[in-house]
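Trainee: I'd like to ask you about the structure that follows.
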Amino acid sequence: MKIIDLRTMRGPSYWSVKHYKLIVMKVDLQDLADVWSNAQPVLAERLPMLLPELGQPQPAESEKSAQKHPPLTDEQLADGEPLGHVIQHVALALQRMAGMPVYWGKSYPAHQEGVEFVVFSYQEERAGRMAAEAAVQLVDDLCHGREVNVKPIIDELHEIREEEFFGPSTWSIVSEAASRNIPYIQLKNSSIIQLGYGVNQKRIWATTTSYTSHAGVEVAGNKNRTKAMLKDSGVPVPNGTTVYSEDGLRDAVEELGFPIVTKPLDGNHGKGATIRITNWEDAVEGLKAAQKYSRAVIVEQFIEGDDYRMLVVNGKLIAAAKRTPAAVKGNGTSTIQQLINEVNTDSRRGVGHEKVLTSIKADQHTIDLLSKQDLTLDSVLPAGQELYLKSTANISTGGTATDVTDLVHPYNLLLAERVAGIVGLDICGIDLLTSDIAIPLNETRGAVIEVNAAPGFRMHISPTEGLPRNVAAPVVDMLFPQGSTARIPIFAVTGTNGKTTTSQLLAHIVASKGYKVGFTTTNGIYIQGVQLQSGDCTGGQSAEFVLKDPTVNFAVLETARGGMLRSGLGFHTCDVAIVTNVAADHLGMRDIYTVEEMAAVKGVLPRTVRKNGWAVLNADDDLVYAMREKLECRVALFSMDEHNPRIREHAENGGLAAVYEEGYISIYKNSYKLRIDRAAEFPITFGGRATFNIENSLAAALACYCYGFDKDEIKQALRTFVPSAAKTPGRMNSYKFPQFEVIVDYAHNTHGIGKFAQFLNATEATHKVGVISGLGDRRDEDTLGFSRIAGRIFDEVILRQDRDLRGKTAEQLKEIMERGLRLDNPDLPITYIENEMDAIDHVLATAKPGSVIVMFTENIKATIKKLDDFESRI
């Protein structure tokens, strides 16, 4: 077997609109083609033992859904399953065994003989891709009798998970936001998460937020400053001082007496801290341990009591937990290491942040603690004796937590809220020592020992004992108060032809309403009318570029087939989706071979529209019109045919529609017609000759009307949208020279040139010249169809070549194009000039008076520059 294609989906895609994170793999089964698992008994014998997760019952898709993901059992393997299906389940099981709960997948034959598509979910992209490769190799090895060792694979997947998955605190906030339909984006090469889009975005970094005060973080990071501020405000704190050497330590001990605590001035998570020091030797060791992290070391009185963490969010106490260091209890027979191993068998414990609790690790700190008690890992504890293995109660070192939120005394509650305000933190973790949290701190002689910025949430979300607390909810409440929104409106456009112009029209209409628009097109990315990136920007990354921009409050996103097949959409839902048409273009690329399959790709977009949003569909296109059957949103239709029965039926049923009738663009609403304007008044239609731009105007006008724009606002915007090389580069750019006219356009397929032919046939000229080329990534029949129409509409053709021949040779393309051009016009004059700029120079130099020259260009920028230069010389 071998993988011949491996793609990562990061949003709704052709393979699933609901499952955003998918690996799409194309596997050539080679000598195992047409072989099922029952022909390979080793699969049923070995796989369930190697991957216990394979046959485990798997949970339902969601709480609302009772449909469960079926496991893959040894009985099924013995009865017979396609190998693609086996690979799919192996890839999922490998990820689950590494702590990544993923379940959804599917497999099916590709168009090529012996090739399978295998599609499955991933949690972390790098882990998903590795699982894909490992699953193919593992199944291939078993089938060919090679040795298999799963452990290194699981270990590496585990490492990837720990490196790349959100920590439990971050994930709790992200998942809470997602549950409220708030989108999120992880910013590239960082742990910063953007919640929401555009101007409404907020950011989190672990449990710091857009509202976290830098001054507050600085105060909390300096323990001496924190303690001084708290003491001045009447908060009980331990007496202590800062030292830098053994001499300073000696003075501190003389002043404070034993027991003491040593900890680094700028430490966190208990690193370098030593507690309950009762003699000089241990004090020196504590100093050294702290100075590994900070030259300055705090020496404080040791406060007797239990360790409590109070969590304050936005000025309110949200949760409190009693923390206990990692510990074991003796049974009189087991060694300390054996007791640790037994504790780690708890299913709630795992590696790092994988599970509710972290496995206990007997590190050097543990060995040093044991040594002070004349113990080793091989010592046997008496029955019932409890032994602490860490000096701090951090969950990340194996500690446990008990929720005590409901026990907190009102005095202590107020104290915690005051401390957060004194330090100046929106999310604040307050550590205190007291014998009983239900008694006021000043009565137990307890003290606040530390204040933490970016406190961990795991002990509150998943306490070892007590009630779990949704501490992420108040964070999201703070970031997005009731009545506010995290989103910005999104218009998304797809189709074979017309999507760029429609997107530009939409952006113009929206901007005319005063919105700060970000939009993507085949030409580039534009923020508030300024082009920030050039090139084909119709994929998911370009969409995210706009949605991440903090100045944008409205997005218009051209969404092409390529991006949806390559990596999925860059957004999960939109407010309005427009599908212009579906035609035979790009067929045979990325495993899409029929127009119906292409329609399924384009149909992904309207399926992402939110329930109260609108899908704006072309009722003249059978495949586009059929898309309405799979939609849960509202549907509006547009048509160039006022007698289209689909429009009539839709309007009679109360639906919205836009129709070109009697020269007008009109909105059909119930039994009324709302006329926007005469189409000929819109510059984009060239006096009504460019019917394809009337169609684009219909779609744009209807989309804006659906969203709530006034018809007069739409009319005014369409009247002021003037196509030009600056505004719509490569889309119907007209240059009127004294003796002839040049039109630059991007028509590049049979459907597109067929629409253009209507315009050119309605254009008066003494001579019509086309500068055209074929595209190497199209089927021969598509290239023939394109050139055949060109041969009908032009009196003369200059045949050139693109810079990128996309898989064909120049001779191949020249032969196909010349054959197509002369199918209906055998005597058509054809001049072959390979270089595009040379071809343009030739046609400008030989242009006849009264002629119209059409340039279907590849290099739009260079073409426009050449024409501008030519114009300046006249």
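Residue numbering restarts at 1 in every chain; chains get A, B, ... in the order shown in the structure tokens, and ligands count up from 1 in that same order.
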Residues at most 9 Å from Phe721 in chain A, counting only C-alpha atoms, excluding those fewer than 2 positions away in the same chain, as a PDB file with N, CA, C and O atoms, in the first residue's frame?
Mentor:
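Result written to around-v1.pdb:
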ATOM      1  N   LEU A 505     -19.248  43.425  -6.206  1.00  0.00           N
ATOM      2  CA  LEU A 505     -20.505  44.178  -6.111  1.00  0.00           C
ATOM      3  C   LEU A 505     -21.017  44.203  -4.673  1.00  0.00           C
ATOM      4  O   LEU A 505     -21.416  45.256  -4.157  1.00  0.00           O
ATOM      5  N   HIS A 508     -18.986  46.476  -2.492  1.00  0.00           N
ATOM      6  CA  HIS A 508     -19.280  47.886  -2.782  1.00  0.00           C
ATOM      7  C   HIS A 508     -20.605  48.315  -2.141  1.00  0.00           C
ATOM      8  O   HIS A 508     -20.687  49.394  -1.538  1.00  0.00           O
ATOM      9  N   ILE A 509     -21.634  47.473  -2.268  1.00  0.00           N
ATOM     10  CA  ILE A 509     -22.938  47.811  -1.678  1.00  0.00           C
ATOM     11  C   ILE A 509     -22.818  47.922  -0.160  1.00  0.00           C
ATOM     12  O   ILE A 509     -23.324  48.868   0.463  1.00  0.00           O
ATOM     13  N   PHE A 682     -26.813  50.418 -14.664  1.00  0.00           N
ATOM     14  CA  PHE A 682     -25.660  49.977 -13.869  1.00  0.00           C
ATOM     15  C   PHE A 682     -24.437  49.904 -14.780  1.00  0.00           C
ATOM     16  O   PHE A 682     -24.443  49.153 -15.780  1.00  0.00           O
ATOM     17  N   PRO A 683     -23.385  50.638 -14.488  1.00  0.00           N
ATOM     18  CA  PRO A 683     -22.200  50.626 -15.363  1.00  0.00           C
ATOM     19  C   PRO A 683     -21.650  49.220 -15.614  1.00  0.00           C
ATOM     20  O   PRO A 683     -21.131  48.951 -16.698  1.00  0.00           O
ATOM     21  N   ILE A 684     -21.801  48.332 -14.648  1.00  0.00           N
ATOM     22  CA  ILE A 684     -21.241  46.979 -14.764  1.00  0.00           C
ATOM     23  C   ILE A 684     -21.897  46.196 -15.903  1.00  0.00           C
ATOM     24  O   ILE A 684     -21.326  45.229 -16.413  1.00  0.00           O
ATOM     25  N   GLN A 716     -28.635  52.782  -5.496  1.00  0.00           N
ATOM     26  CA  GLN A 716     -27.593  53.808  -5.554  1.00  0.00           C
ATOM     27  C   GLN A 716     -26.201  53.183  -5.639  1.00  0.00           C
ATOM     28  O   GLN A 716     -25.335  53.647  -6.392  1.00  0.00           O
ATOM     29  N   ALA A 717     -26.001  52.104  -4.890  1.00  0.00           N
ATOM     30  CA  ALA A 717     -24.686  51.446  -4.887  1.00  0.00           C
ATOM     31  C   ALA A 717     -24.394  50.812  -6.241  1.00  0.00           C
ATOM     32  O   ALA A 717     -23.276  50.908  -6.757  1.00  0.00           O
ATOM     33  N   LEU A 718     -25.392  50.158  -6.845  1.00  0.00           N
ATOM     34  CA  LEU A 718     -25.182  49.527  -8.149  1.00  0.00           C
ATOM     35  C   LEU A 718     -24.931  50.573  -9.236  1.00  0.00           C
ATOM     36  O   LEU A 718     -24.182  50.330 -10.184  1.00  0.00           O
ATOM     37  N   ARG A 719     -25.543  51.740  -9.100  1.00  0.00           N
ATOM     38  CA  ARG A 719     -25.328  52.806 -10.079  1.00  0.00           C
ATOM     39  C   ARG A 719     -23.921  53.408  -9.964  1.00  0.00           C
ATOM     40  O   ARG A 719     -23.425  53.991 -10.925  1.00  0.00           O
ATOM     41  N   PRO A 723     -16.946  49.561 -13.291  1.00  0.00           N
ATOM     42  CA  PRO A 723     -15.844  48.615 -13.509  1.00  0.00           C
ATOM     43  C   PRO A 723     -14.640  49.323 -14.088  1.00  0.00           C
ATOM     44  O   PRO A 723     -14.765  50.184 -14.963  1.00  0.00           O
ATOM     45  N   LYS A 727     -10.550  48.885 -10.039  1.00  0.00           N
ATOM     46  CA  LYS A 727     -11.577  48.350  -9.150  1.00  0.00           C
ATOM     47  C   LYS A 727     -11.873  46.883  -9.409  1.00  0.00           C
ATOM     48  O   LYS A 727     -12.051  46.089  -8.481  1.00  0.00           O
TER      49      LYS A 727
END
Trainee: Quick one: everything within 7 Å of Glu116 in chain A, counting only C-alpha atoms, minus sequence neighbours fewer than 2 positions away in the same chain. Send it as a PDB file with N, CA, C and O atoms, in the first residue's frame.
Mentor:
ATOM      1  N   LYS A  26      -5.872   9.378   0.285  1.00  0.00           N
ATOM      2  CA  LYS A  26      -6.113   8.539  -0.882  1.00  0.00           C
ATOM      3  C   LYS A  26      -5.050   7.449  -0.872  1.00  0.00           C
ATOM      4  O   LYS A  26      -3.850   7.743  -0.919  1.00  0.00           O
ATOM      5  N   VAL A  27      -5.488   6.194  -0.775  1.00  0.00           N
ATOM      6  CA  VAL A  27      -4.566   5.073  -0.583  1.00  0.00           C
ATOM      7  C   VAL A  27      -4.634   4.131  -1.776  1.00  0.00           C
ATOM      8  O   VAL A  27      -5.715   3.647  -2.134  1.00  0.00           O
ATOM      9  N   ASP A  28      -3.487   3.875  -2.355  1.00  0.00           N
ATOM     10  CA  ASP A  28      -3.371   2.859  -3.401  1.00  0.00           C
ATOM     11  C   ASP A  28      -3.093   1.523  -2.712  1.00  0.00           C
ATOM     12  O   ASP A  28      -2.045   1.334  -2.095  1.00  0.00           O
ATOM     13  N   GLY A  84      -9.855  -0.302   3.346  1.00  0.00           N
ATOM     14  CA  GLY A  84      -9.969   1.134   3.591  1.00  0.00           C
ATOM     15  C   GLY A  84     -10.703   1.413   4.890  1.00  0.00           C
ATOM     16  O   GLY A  84     -10.341   2.311   5.663  1.00  0.00           O
ATOM     17  N   SER A 107     -14.973   5.570   4.542  1.00  0.00           N
ATOM     18  CA  SER A 107     -14.064   5.174   3.469  1.00  0.00           C
ATOM     19  C   SER A 107     -14.901   4.698   2.287  1.00  0.00           C
ATOM     20  O   SER A 107     -16.000   4.161   2.472  1.00  0.00           O
ATOM     21  N   TYR A 108     -14.361   4.897   1.084  1.00  0.00           N
ATOM     22  CA  TYR A 108     -15.091   4.479  -0.115  1.00  0.00           C
ATOM     23  C   TYR A 108     -14.125   4.437  -1.293  1.00  0.00           C
ATOM     24  O   TYR A 108     -13.067   5.086  -1.265  1.00  0.00           O
ATOM     25  N   PRO A 109     -14.468   3.695  -2.336  1.00  0.00           N
ATOM     26  CA  PRO A 109     -13.550   3.574  -3.486  1.00  0.00           C
ATOM     27  C   PRO A 109     -13.407   4.892  -4.237  1.00  0.00           C
ATOM     28  O   PRO A 109     -14.374   5.655  -4.387  1.00  0.00           O
ATOM     29  N   ALA A 110     -12.195   5.186  -4.685  1.00  0.00           N
ATOM     30  CA  ALA A 110     -11.950   6.339  -5.550  1.00  0.00           C
ATOM     31  C   ALA A 110     -12.281   5.952  -6.991  1.00  0.00           C
ATOM     32  O   ALA A 110     -12.663   4.811  -7.281  1.00  0.00           O
ATOM     33  N   GLY A 114      -8.542   0.052  -7.529  1.00  0.00           N
ATOM     34  CA  GLY A 114      -7.638  -0.321  -6.444  1.00  0.00           C
ATOM     35  C   GLY A 114      -7.233   0.808  -5.527  1.00  0.00           C
ATOM     36  O   GLY A 114      -6.304   0.661  -4.727  1.00  0.00           O
ATOM     37  N   VAL A 118      -9.910   7.352   2.348  1.00  0.00           N
ATOM     38  CA  VAL A 118     -10.070   7.110   3.781  1.00  0.00           C
ATOM     39  C   VAL A 118     -10.154   8.474   4.455  1.00  0.00           C
ATOM     40  O   VAL A 118      -9.222   9.281   4.356  1.00  0.00           O
TER      41      VAL A 118
END
Trainee: May I ask which of the residues A:Thr345, A:Ala699, A:Val852, A:Val119 is the closest one to Phe740 in chain A, counting only C-alpha atoms?
Mentor: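 Smallest distance to Phe740 in chain A is found for A:Val852.
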Trainee: One number please: CA of Asn553 in chain A to CA of Val510 in chain A, in Å, one decimal.
Mentor: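 Going from CA of Asn553 in chain A over to CA of Val510 in chain A, I get 10.4 Å.
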Trainee: May I ask which of the residues A:Thr573, A:Thr520, A:Gln812, A:Ser567 is the closest one to Ile490 in chain A, counting only C-alpha atoms?
Mentor: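 The closest residue to Ile490 in chain A is A:Thr573.
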